[in-house]
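**Student:** Okay, here's the structure, questions in a sec.
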Amino acid sequence: MKNKDLNLEHYTIFIDPSLQRLDDLITKKKYTSIFVLVDENTKKHCLPKLPVKAFQLIEISSGESFKNLQTCGEIWDFLLKNGADRKSLFINLGGGVIGDMGGFAASCFKRGMDFINIPTTLLSQVDASIGGKLAIDFKFAKNLIGLFKDPTAVFISTGFFDTLPANQFKNGWAEIFKHALIYNPNLWEEIKSLENLKIDDIERIVIRNLEIKKAVVEIDPFEKNLRKILNFGHTIGHAIESLSVENDKEPLLHGEAIIIGMICESFLSSKLLNMPQSELLDICTTLKKHFTEYDLSKISLDEVWDIMMYDKKNEDGKILCVLLEKIGKPIWDIPLQKADVESAFKYYIDLYEK
């Protein structure tokens with residue numbers, strides 16, 4: 001395949017290992033100034049790979065706990081003090097937190113400036129970098145304050161993966177497993193047998209996942225119907241992640257929390273939608289093989305339920321979830337009861353005791 005780029009309605013995802021076309025795009029657009037958002041990790045490991053000659057650097061602290069209004073205020077303050085205008089460019093160089101919050105900050109500043117996403121983690125390349133969902137966390141809820149706004153462009157370079165710790169690379173596979181389960185049974189059959197997730201042809205896997213998400217978001221850009229399937233594992237997973245960020249010395253990574261959510265929601269798929277037991281076993285055996293146990297017994301079910309009540313997919317006071325009728329056939333807007341979550345937690349705990 002000569003041209004691997006993916007063209008969406010309003011922007012292009014450039015598959016560009018060297019990032020050389022980034023400079024061409026910036027020159028063509030004639031921006032008045034350029035701002036690059038990094039955290040301490042991407043500043044050290046990824047910024048040297050950026051082929052942009054003149055820019056102003058905005059550095060924030062890494063981690064989900066900093067994806068909030070206070071950090072946005074610091075970004076806006078920097079932009080204001082350093083002469084940013086609506087013809088400036090904002091580049092997000094980092095993972096999902098950088099992309100979500102940086103895009104949100106850029107889209108709100110002076111009613112919007114162009115931003116480009118350069119996702120540097122596997123997780124952000126296959127998931128957060130595409131689709132135009134931008135948000136920050138508020139109170140106990142993830143991504144509660146946000147909007148839909150497409151980037152000017154996305155640049156994908158798997159060369160950044162050399163800078164990732166092993167747990168961060170594995171973290172990205174959660175969304176790859178999710179995409180396969182909700183959309184592509186053939187991809188699931190391919191990846192479920194992998195013994196080692198550090199594979200040589202990772203760019204091919206990234207592109208296949210980008211194609212899946214592109215297909216979904218082009219049909220339903222504002223998450224009214226089909227796009228809800230991308231939330232499989234996230235209703236329970238997000239709540240667990242929020243509590244972990246609040247309480248754990250070493251919080252769960254996003255993908256680790258979503259793996260827990262997918263195991264729990266796969267169990268509920270068998271309970272509520274009669275997904276075949278063979279498929280439940282297939283899913284849970286695969287995910288358990290690659291991801292270690294998290295102690296769910298230390299988490300209050302009441303706190304989990306309270307956080308789930310803030311989930312964006314909820315309607316009319318009902319907690320709505322995405323479940324699987326079978327692998328490759330997700331059903332959205334399935335209502336959950338507290339007893340369902342309790343039984344899913346018990347299933348997860350028992351699974352890892354075997």
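Chain labels run A, B, ... following the order of the structure tokens; each chain numbers its residues from 1, and ligands are numbered from 1 in the order shown.
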Compile the contact shell of region 94-99 of chain A as a list in words: residues with an atom at most 8 Å away, counting only C-alpha atoms, same-chain residues fewer than 4 positions apart removed.

**Tutor:** Leu37, Val38, Asp39, Thr42, Cys46, Ser62, Gly63, Glu64, Lys67, Gly103, Asn117, Ile118, Pro119, Thr120, Thr121, Leu123, Ser124, Ala128, Ser129 and Leu134 of chain A

**Student:** What's around Arg111 (chain A) at 12 Å? Count only C-alpha atoms, leave out sequence neighbours fewer than 6 positions away in its own chain, and write the answer as a ChimeraX atom specification.

**Tutor:** /A:76,85-87,104-105,149

**Student:** Would you mind exporting C-alpha atoms of the selected residues as a CSV table (one decimal), in the first residue's frame?

**Tutor:**
```csv
chain,number,residue,atom,x,y,z
A,76,TRP,CA,-4.5,29.6,28.7
A,85,ASP,CA,-3.9,34.5,18.5
A,86,ARG,CA,-6.4,32.6,16.4
A,87,LYS,CA,-3.9,32.2,13.7
A,104,PHE,CA,-9.8,21.2,24.6
A,105,ALA,CA,-7.6,24.2,25.6
A,149,LYS,CA,-13.6,19.5,17.6
```

**Student:** Could you make a table, as a tab-separated table, of the residues of region 141-206 of chain A that have an atom within 9 Å of an atom of region 327-341 of chain A, each with its nearest atom pair and distance in Å to one decimal, counting only C-alpha atoms, in chain and number order?

**Tutor:**
```
residue	atom	partner	partner_atom	distance
A:His179	CA	A:Gly328	CA	8.9
A:Ala180	CA	A:Gly328	CA	7.2
A:Leu181	CA	A:Ile327	CA	5.2
A:Ile182	CA	A:Gly328	CA	4.6
A:Tyr183	CA	A:Gly328	CA	4.7
A:Asn184	CA	A:Gly328	CA	5.7
A:Pro185	CA	A:Gly328	CA	5.4
A:Trp188	CA	A:Ile327	CA	8.5
```

**Student:** Any chance you can output those residues with N, CA and C atoms as a PDB file, in the first residue's frame?

**Tutor:**
```
ATOM      1  N   HIS A 179     -11.305  -2.765  20.112  1.00  0.00           N
ATOM      2  CA  HIS A 179     -11.734  -2.574  18.723  1.00  0.00           C
ATOM      3  C   HIS A 179     -12.027  -3.907  18.045  1.00  0.00           C
ATOM      4  N   ALA A 180     -11.184  -4.886  18.303  1.00  0.00           N
ATOM      5  CA  ALA A 180     -11.400  -6.207  17.703  1.00  0.00           C
ATOM      6  C   ALA A 180     -12.705  -6.823  18.204  1.00  0.00           C
ATOM      7  N   LEU A 181     -12.973  -6.708  19.491  1.00  0.00           N
ATOM      8  CA  LEU A 181     -14.160  -7.329  20.076  1.00  0.00           C
ATOM      9  C   LEU A 181     -15.448  -6.682  19.599  1.00  0.00           C
ATOM     10  N   ILE A 182     -15.428  -5.378  19.376  1.00  0.00           N
ATOM     11  CA  ILE A 182     -16.675  -4.697  19.003  1.00  0.00           C
ATOM     12  C   ILE A 182     -16.896  -4.628  17.495  1.00  0.00           C
ATOM     13  N   TYR A 183     -15.831  -4.873  16.705  1.00  0.00           N
ATOM     14  CA  TYR A 183     -15.956  -4.536  15.283  1.00  0.00           C
ATOM     15  C   TYR A 183     -15.357  -5.553  14.320  1.00  0.00           C
ATOM     16  N   ASN A 184     -14.324  -6.260  14.735  1.00  0.00           N
ATOM     17  CA  ASN A 184     -13.584  -7.066  13.763  1.00  0.00           C
ATOM     18  C   ASN A 184     -13.196  -8.422  14.350  1.00  0.00           C
ATOM     19  N   PRO A 185     -14.090  -9.408  14.270  1.00  0.00           N
ATOM     20  CA  PRO A 185     -13.773 -10.738  14.802  1.00  0.00           C
ATOM     21  C   PRO A 185     -12.521 -11.365  14.183  1.00  0.00           C
ATOM     22  N   TRP A 188      -9.660 -10.082  16.066  1.00  0.00           N
ATOM     23  CA  TRP A 188      -9.634 -10.754  17.366  1.00  0.00           C
ATOM     24  C   TRP A 188      -8.984 -12.124  17.250  1.00  0.00           C
TER      25      TRP A 188
END
```

**Student:** Please report, as an NGL selection string, each residue of region 189-342 of chain A to which DSSP assigns alpha helix (DSSP H) when run on this structure's backbone.

**Tutor:** :A and (189-191 or 202-219 or 234-247 or 254-272 or 277-290 or 301-308 or 338-342)

**Student:** Which of these residues is nearest to Tyr310 (chain A), using only C-alpha atoms: A:Ala106, A:Ile130, A:Leu324, A:Ala239?

**Tutor:** A:Ala239

**Student:** Select, from A:Asn186, A:Ile236, A:Arg21, A:Phe115, the residue with the minimum atom-to-atom distance to Asp306 (chain A), counting only C-alpha atoms.

**Tutor:**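 For Asp306 (chain A), the nearest of the given residues is A:Ile236.
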
**Student:** Using only C-alpha atoms, can you tell me which of A:Phe109, A:Phe90, A:Phe267, A:Phe169 comes closest to Cys284 (chain A)?

**Tutor:**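 Counting only C-alpha atoms, the residue closest to Cys284 (chain A) is A:Phe267.
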